[in-house]
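See below for input-v4.txt, which holds compact mmCIF, N, CA and C atoms.
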# COMPACT_ATOMS: atom_id res chain seq x y z
N MET A 23 61.18 -34.43 68.80
CA MET A 23 59.84 -34.72 68.51
C MET A 23 59.01 -33.45 68.30
N ILE A 24 59.29 -32.48 69.11
CA ILE A 24 58.62 -31.20 68.93
C ILE A 24 59.00 -30.63 67.58
N ASN A 25 60.24 -30.77 67.22
CA ASN A 25 60.69 -30.27 65.92
C ASN A 25 59.99 -31.03 64.78
N GLN A 26 59.83 -32.33 65.00
CA GLN A 26 59.14 -33.10 63.96
C GLN A 26 57.68 -32.67 63.84
N ARG A 27 57.05 -32.48 65.02
CA ARG A 27 55.66 -32.04 65.00
C ARG A 27 55.57 -30.64 64.40
N HIS A 28 56.50 -29.80 64.81
CA HIS A 28 56.52 -28.44 64.28
C HIS A 28 56.79 -28.48 62.78
N ALA A 29 57.69 -29.32 62.34
CA ALA A 29 58.00 -29.46 60.93
C ALA A 29 56.78 -30.01 60.19
N ALA A 30 56.09 -30.96 60.81
CA ALA A 30 54.89 -31.54 60.19
C ALA A 30 53.79 -30.48 60.09
N GLN A 31 53.64 -29.69 61.16
CA GLN A 31 52.63 -28.61 61.13
C GLN A 31 53.00 -27.58 60.07
N GLN A 32 54.30 -27.27 60.01
CA GLN A 32 54.76 -26.30 59.02
C GLN A 32 54.54 -26.85 57.61
N ALA A 33 54.80 -28.12 57.40
CA ALA A 33 54.61 -28.75 56.10
C ALA A 33 53.11 -28.75 55.75
N ALA A 34 52.27 -29.05 56.75
CA ALA A 34 50.82 -29.06 56.52
C ALA A 34 50.34 -27.64 56.21
N ALA A 35 50.86 -26.68 56.95
CA ALA A 35 50.47 -25.28 56.71
C ALA A 35 50.94 -24.84 55.33
N GLN A 36 52.16 -25.22 54.98
CA GLN A 36 52.68 -24.87 53.65
C GLN A 36 51.84 -25.52 52.55
N GLU A 37 51.46 -26.77 52.80
CA GLU A 37 50.63 -27.48 51.83
C GLU A 37 49.25 -26.79 51.68
N GLU A 38 48.71 -26.34 52.81
CA GLU A 38 47.43 -25.62 52.78
C GLU A 38 47.58 -24.29 52.05
N ILE A 39 48.71 -23.61 52.33
CA ILE A 39 48.98 -22.33 51.64
C ILE A 39 49.11 -22.57 50.15
N ASN A 40 49.83 -23.61 49.77
CA ASN A 40 50.00 -23.94 48.35
C ASN A 40 48.64 -24.27 47.71
N GLY A 41 47.81 -24.99 48.44
CA GLY A 41 46.46 -25.34 47.95
C GLY A 41 45.62 -24.08 47.76
N LEU A 42 45.72 -23.17 48.75
CA LEU A 42 44.98 -21.91 48.66
C LEU A 42 45.49 -21.06 47.50
N ARG A 43 46.79 -21.05 47.30
CA ARG A 43 47.35 -20.30 46.16
C ARG A 43 46.88 -20.89 44.84
N ALA A 44 46.87 -22.22 44.76
CA ALA A 44 46.39 -22.89 43.54
C ALA A 44 44.91 -22.56 43.31
N ALA A 45 44.12 -22.56 44.39
CA ALA A 45 42.70 -22.23 44.27
C ALA A 45 42.53 -20.78 43.83
N ARG A 46 43.38 -19.87 44.41
CA ARG A 46 43.34 -18.46 44.03
C ARG A 46 43.68 -18.30 42.55
N ASP A 47 44.75 -18.98 42.11
CA ASP A 47 45.15 -18.91 40.70
C ASP A 47 44.03 -19.43 39.79
N THR A 48 43.39 -20.52 40.22
CA THR A 48 42.27 -21.08 39.44
C THR A 48 41.13 -20.07 39.37
N LEU A 49 40.81 -19.45 40.50
CA LEU A 49 39.74 -18.45 40.53
C LEU A 49 40.09 -17.23 39.68
N GLU A 50 41.34 -16.79 39.74
CA GLU A 50 41.77 -15.67 38.91
C GLU A 50 41.66 -16.03 37.43
N HIS A 51 42.06 -17.25 37.09
CA HIS A 51 41.96 -17.72 35.71
C HIS A 51 40.48 -17.76 35.27
N GLN A 52 39.61 -18.29 36.15
CA GLN A 52 38.18 -18.34 35.83
C GLN A 52 37.60 -16.93 35.72
N ASN A 53 38.08 -16.03 36.59
CA ASN A 53 37.61 -14.64 36.55
C ASN A 53 38.00 -13.99 35.22
N THR A 54 39.24 -14.24 34.79
CA THR A 54 39.69 -13.71 33.50
C THR A 54 38.84 -14.28 32.37
N ASN A 55 38.60 -15.59 32.42
CA ASN A 55 37.76 -16.22 31.39
C ASN A 55 36.34 -15.64 31.40
N MET A 56 35.81 -15.38 32.59
CA MET A 56 34.46 -14.81 32.71
C MET A 56 34.44 -13.40 32.13
N LYS A 57 35.50 -12.61 32.39
CA LYS A 57 35.56 -11.26 31.83
C LYS A 57 35.60 -11.31 30.30
N ILE A 58 36.39 -12.25 29.77
CA ILE A 58 36.46 -12.42 28.31
C ILE A 58 35.08 -12.82 27.77
N SER A 59 34.45 -13.78 28.44
CA SER A 59 33.12 -14.23 28.02
C SER A 59 32.11 -13.09 28.10
N LEU A 60 32.19 -12.30 29.16
CA LEU A 60 31.29 -11.17 29.32
C LEU A 60 31.51 -10.15 28.20
N GLY A 61 32.75 -9.89 27.88
CA GLY A 61 33.06 -8.96 26.78
C GLY A 61 32.51 -9.47 25.46
N LEU A 62 32.68 -10.77 25.20
CA LEU A 62 32.14 -11.36 23.97
C LEU A 62 30.61 -11.31 23.96
N LEU A 63 30.02 -11.55 25.12
CA LEU A 63 28.57 -11.48 25.23
C LEU A 63 28.07 -10.06 24.98
N GLN A 64 28.77 -9.08 25.54
CA GLN A 64 28.40 -7.68 25.31
C GLN A 64 28.51 -7.33 23.83
N GLU A 65 29.57 -7.79 23.19
CA GLU A 65 29.74 -7.54 21.77
C GLU A 65 28.64 -8.21 20.96
N SER A 66 28.29 -9.44 21.32
CA SER A 66 27.20 -10.15 20.64
C SER A 66 25.88 -9.43 20.81
N LEU A 67 25.61 -8.97 22.03
CA LEU A 67 24.37 -8.23 22.29
C LEU A 67 24.34 -6.93 21.51
N SER A 68 25.48 -6.27 21.44
CA SER A 68 25.57 -5.03 20.66
C SER A 68 25.30 -5.30 19.18
N ASN A 69 25.88 -6.38 18.65
CA ASN A 69 25.64 -6.76 17.25
C ASN A 69 24.18 -7.12 17.02
N LEU A 70 23.59 -7.83 18.00
CA LEU A 70 22.18 -8.20 17.89
C LEU A 70 21.30 -6.96 17.90
N LEU A 71 21.60 -6.03 18.79
CA LEU A 71 20.84 -4.79 18.86
C LEU A 71 20.96 -4.02 17.53
N TYR A 72 22.16 -3.97 16.99
CA TYR A 72 22.37 -3.30 15.70
C TYR A 72 21.56 -3.98 14.61
N ALA A 73 21.60 -5.33 14.59
CA ALA A 73 20.86 -6.08 13.56
C ALA A 73 19.36 -5.85 13.71
N LEU A 74 18.87 -5.86 14.95
CA LEU A 74 17.44 -5.62 15.18
C LEU A 74 17.05 -4.21 14.75
N THR A 75 17.92 -3.25 15.04
CA THR A 75 17.65 -1.87 14.63
C THR A 75 17.61 -1.78 13.11
N GLU A 76 18.57 -2.41 12.45
CA GLU A 76 18.59 -2.42 10.99
C GLU A 76 17.33 -3.09 10.43
N MET A 77 16.94 -4.21 11.06
CA MET A 77 15.76 -4.92 10.60
C MET A 77 14.51 -4.05 10.79
N PHE A 78 14.42 -3.37 11.92
CA PHE A 78 13.28 -2.48 12.17
C PHE A 78 13.28 -1.34 11.17
N ASP A 79 14.46 -0.75 10.96
CA ASP A 79 14.57 0.35 9.99
C ASP A 79 14.16 -0.12 8.60
N LEU A 80 14.60 -1.33 8.22
CA LEU A 80 14.24 -1.87 6.91
C LEU A 80 12.74 -2.12 6.82
N LYS A 81 12.18 -2.69 7.90
CA LYS A 81 10.74 -2.94 7.93
C LYS A 81 9.98 -1.61 7.84
N GLU A 82 10.43 -0.62 8.57
CA GLU A 82 9.79 0.70 8.53
C GLU A 82 9.94 1.32 7.14
N HIS A 83 11.11 1.13 6.54
CA HIS A 83 11.35 1.64 5.18
C HIS A 83 10.37 0.99 4.20
N HIS A 84 10.19 -0.34 4.32
CA HIS A 84 9.26 -1.04 3.44
C HIS A 84 7.82 -0.57 3.69
N ARG A 85 7.48 -0.33 4.95
CA ARG A 85 6.14 0.15 5.28
C ARG A 85 5.91 1.53 4.65
N LEU A 86 6.91 2.40 4.77
CA LEU A 86 6.78 3.73 4.18
C LEU A 86 6.71 3.66 2.66
N GLU A 87 7.50 2.77 2.06
CA GLU A 87 7.44 2.58 0.61
C GLU A 87 6.05 2.12 0.19
N SER A 88 5.49 1.20 0.97
CA SER A 88 4.15 0.69 0.67
C SER A 88 3.12 1.82 0.75
N LEU A 89 3.23 2.64 1.79
CA LEU A 89 2.32 3.78 1.91
C LEU A 89 2.49 4.75 0.75
N MET A 90 3.74 4.98 0.36
CA MET A 90 3.99 5.88 -0.77
C MET A 90 3.40 5.31 -2.05
N ARG A 91 3.54 3.97 -2.24
CA ARG A 91 2.95 3.34 -3.44
C ARG A 91 1.44 3.47 -3.42
N GLN A 92 0.84 3.28 -2.24
CA GLN A 92 -0.62 3.42 -2.13
C GLN A 92 -1.04 4.85 -2.45
N ASP A 93 -0.30 5.82 -1.90
CA ASP A 93 -0.60 7.22 -2.18
C ASP A 93 -0.42 7.52 -3.67
N MET A 94 0.64 6.98 -4.25
CA MET A 94 0.91 7.21 -5.66
C MET A 94 -0.20 6.59 -6.51
N CYS A 95 -0.65 5.39 -6.11
CA CYS A 95 -1.75 4.73 -6.83
C CYS A 95 -3.01 5.58 -6.76
N ALA A 96 -3.34 6.07 -5.58
CA ALA A 96 -4.52 6.92 -5.42
C ALA A 96 -4.39 8.18 -6.27
N LEU A 97 -3.21 8.77 -6.27
CA LEU A 97 -2.97 9.97 -7.07
C LEU A 97 -3.12 9.67 -8.56
N LEU A 98 -2.54 8.56 -9.00
CA LEU A 98 -2.65 8.20 -10.41
C LEU A 98 -4.09 7.91 -10.81
N LYS A 99 -4.85 7.25 -9.91
CA LYS A 99 -6.26 6.99 -10.20
C LYS A 99 -7.03 8.30 -10.33
N ALA A 100 -6.75 9.23 -9.43
CA ALA A 100 -7.41 10.55 -9.48
C ALA A 100 -7.05 11.26 -10.78
N GLN A 101 -5.77 11.21 -11.16
CA GLN A 101 -5.34 11.85 -12.41
C GLN A 101 -5.99 11.18 -13.61
N LEU A 102 -6.09 9.85 -13.57
CA LEU A 102 -6.73 9.12 -14.67
C LEU A 102 -8.20 9.53 -14.77
N SER A 103 -8.84 9.67 -13.64
CA SER A 103 -10.24 10.11 -13.63
C SER A 103 -10.37 11.50 -14.26
N GLU A 104 -9.43 12.39 -13.91
CA GLU A 104 -9.45 13.74 -14.49
C GLU A 104 -9.20 13.68 -16.00
N VAL A 105 -8.29 12.83 -16.43
CA VAL A 105 -8.01 12.68 -17.86
C VAL A 105 -9.25 12.15 -18.58
N GLU A 106 -9.91 11.17 -17.96
CA GLU A 106 -11.12 10.62 -18.56
C GLU A 106 -12.20 11.69 -18.67
N LYS A 107 -12.35 12.52 -17.63
CA LYS A 107 -13.33 13.61 -17.68
C LYS A 107 -12.96 14.60 -18.79
N TYR A 108 -11.70 14.96 -18.86
CA TYR A 108 -11.24 15.89 -19.90
C TYR A 108 -11.49 15.30 -21.28
N THR A 109 -11.16 14.01 -21.45
CA THR A 109 -11.34 13.35 -22.75
C THR A 109 -12.83 13.35 -23.12
N SER A 110 -13.66 13.04 -22.15
CA SER A 110 -15.10 13.04 -22.40
C SER A 110 -15.58 14.43 -22.79
N LEU A 111 -15.13 15.44 -22.06
CA LEU A 111 -15.51 16.82 -22.38
C LEU A 111 -14.99 17.20 -23.77
N ARG A 112 -13.79 16.80 -24.06
CA ARG A 112 -13.20 17.12 -25.38
C ARG A 112 -14.00 16.46 -26.49
N CYS A 113 -14.41 15.20 -26.27
CA CYS A 113 -15.24 14.51 -27.27
C CYS A 113 -16.57 15.22 -27.45
N ASN A 114 -17.14 15.68 -26.33
CA ASN A 114 -18.41 16.42 -26.42
C ASN A 114 -18.23 17.72 -27.19
N ILE A 115 -17.13 18.40 -26.94
CA ILE A 115 -16.85 19.66 -27.66
C ILE A 115 -16.70 19.39 -29.15
N VAL A 116 -15.95 18.35 -29.50
CA VAL A 116 -15.75 18.01 -30.91
C VAL A 116 -17.10 17.67 -31.54
N GLN A 117 -17.92 16.91 -30.81
CA GLN A 117 -19.25 16.56 -31.33
C GLN A 117 -20.10 17.81 -31.54
N LEU A 118 -20.06 18.73 -30.57
CA LEU A 118 -20.80 19.98 -30.71
C LEU A 118 -20.31 20.79 -31.89
N GLU A 119 -18.98 20.84 -32.05
CA GLU A 119 -18.42 21.57 -33.20
C GLU A 119 -18.90 20.95 -34.51
N GLN A 120 -18.89 19.61 -34.56
CA GLN A 120 -19.35 18.93 -35.78
C GLN A 120 -20.84 19.21 -36.00
N ASN A 121 -21.63 19.14 -34.94
CA ASN A 121 -23.06 19.42 -35.06
C ASN A 121 -23.30 20.86 -35.52
N THR A 122 -22.49 21.78 -34.96
CA THR A 122 -22.62 23.18 -35.35
C THR A 122 -22.29 23.34 -36.83
N GLN A 123 -21.20 22.69 -37.28
CA GLN A 123 -20.82 22.77 -38.69
C GLN A 123 -21.90 22.16 -39.57
N HIS A 124 -22.49 21.05 -39.14
CA HIS A 124 -23.57 20.44 -39.92
C HIS A 124 -24.78 21.36 -39.96
N HIS A 125 -25.07 22.00 -38.81
CA HIS A 125 -26.20 22.92 -38.76
C HIS A 125 -25.98 24.12 -39.69
N ILE A 126 -24.73 24.64 -39.63
CA ILE A 126 -24.38 25.78 -40.50
C ILE A 126 -24.49 25.34 -41.97
N ALA A 127 -23.98 24.17 -42.28
CA ALA A 127 -24.04 23.66 -43.65
C ALA A 127 -25.50 23.48 -44.06
N PHE A 128 -26.33 22.97 -43.14
CA PHE A 128 -27.74 22.77 -43.43
C PHE A 128 -28.42 24.11 -43.69
N GLU A 129 -28.08 25.12 -42.87
CA GLU A 129 -28.66 26.46 -43.07
C GLU A 129 -28.23 27.03 -44.42
N GLU A 130 -26.94 26.78 -44.78
CA GLU A 130 -26.46 27.28 -46.09
C GLU A 130 -27.24 26.63 -47.23
N VAL A 131 -27.49 25.33 -47.09
CA VAL A 131 -28.25 24.61 -48.12
C VAL A 131 -29.68 25.17 -48.17
N GLU A 132 -30.27 25.44 -47.02
CA GLU A 132 -31.61 26.02 -46.99
C GLU A 132 -31.63 27.39 -47.66
N GLN A 133 -30.59 28.20 -47.37
CA GLN A 133 -30.52 29.54 -47.97
C GLN A 133 -30.38 29.43 -49.49
N GLU A 134 -29.56 28.49 -49.96
CA GLU A 134 -29.41 28.30 -51.39
C GLU A 134 -30.73 27.84 -52.01
N ALA A 135 -31.41 26.97 -51.28
CA ALA A 135 -32.69 26.47 -51.79
C ALA A 135 -33.70 27.60 -51.88
N GLU A 136 -33.70 28.46 -50.90
CA GLU A 136 -34.60 29.62 -50.94
C GLU A 136 -34.21 30.53 -52.10
N ALA A 137 -32.90 30.66 -52.30
CA ALA A 137 -32.45 31.51 -53.40
C ALA A 137 -32.95 30.97 -54.72
N TYR A 138 -33.03 29.70 -54.89
CA TYR A 138 -33.53 29.10 -56.12
C TYR A 138 -35.02 28.83 -56.04
N SER A 139 -35.67 29.31 -55.00
CA SER A 139 -37.10 29.14 -54.78
C SER A 139 -37.48 27.67 -54.71
N MET A 140 -36.61 26.93 -54.07
CA MET A 140 -36.91 25.51 -53.89
C MET A 140 -37.47 25.34 -52.48
N PRO A 141 -38.31 24.37 -52.32
CA PRO A 141 -38.81 24.14 -50.96
C PRO A 141 -37.67 23.73 -50.04
N PRO A 142 -37.76 24.10 -48.76
CA PRO A 142 -36.67 23.75 -47.83
C PRO A 142 -36.46 22.24 -47.74
N VAL A 143 -35.20 21.87 -47.48
CA VAL A 143 -34.83 20.46 -47.36
C VAL A 143 -35.15 20.00 -45.94
N ASP A 144 -35.83 18.85 -45.85
CA ASP A 144 -36.14 18.31 -44.51
C ASP A 144 -34.86 17.80 -43.85
N ASN A 145 -34.89 17.83 -42.53
CA ASN A 145 -33.75 17.26 -41.79
C ASN A 145 -33.65 15.78 -42.10
N LEU A 146 -32.44 15.34 -42.31
CA LEU A 146 -32.24 13.93 -42.65
C LEU A 146 -32.22 13.09 -41.47
Just dump the structure as structure tokens.
Amino acid sequence: MINQRHAAQQAAAQEEINGLRAARDTLEHQNTNMKISLGLLQESLSNLLYALTEMFDLKEHHRLESLMRQDMCALLKAQLSEVEKYTSLRCNIVQLEQNTQHHIAFEEVEQEAEAYSMPPVDNL
């Protein structure tokens, strides 16, 4: 009877040991799965960080391009204003040259008229 009780206790202890081993194996398997999941999560976070950095860089690139376009627009407007001023000045110079030539021609006509003793020609 002692042997039976001892055998029963040994069987119960063995069963408990087997249960504990099965629980340990399950925990080790879950631990391995958690490590794999953690690695995948780290990789996903790394990819997300890279994508966010790329998106920020792209947004910053677009912002800088916009600023450059604005600067270029301002520069072109300033250059256009200078061209308009130059064109206006050039037109004034041409007009003055034409007026000078007309004045010279008028003086020549007056001199010829004086040479022929004709009264001076009135300005038209």
| Two-atom distance - atom CA of Glu119 of chain A, atom CA of Gln133 of chain A (Å) |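 Separating atom CA of Glu119 of chain A from atom CA of Gln133 of chain A is a distance of 20.7 Å.
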| task | Report the distance between atom N of Glu76 of chain A and atom CA of Ser88 of chain A in Å, rounded to one decimal place. | result |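 Computing it gives 18.9 Å between the two atoms.
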| said: Between atom N of Glu104 of chain A and atom C of Gln92 of chain A, what is the distance in Å, rounded to a tenth? | reply: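 Going from atom N of Glu104 of chain A over to atom C of Gln92 of chain A covers 16.1 Å.
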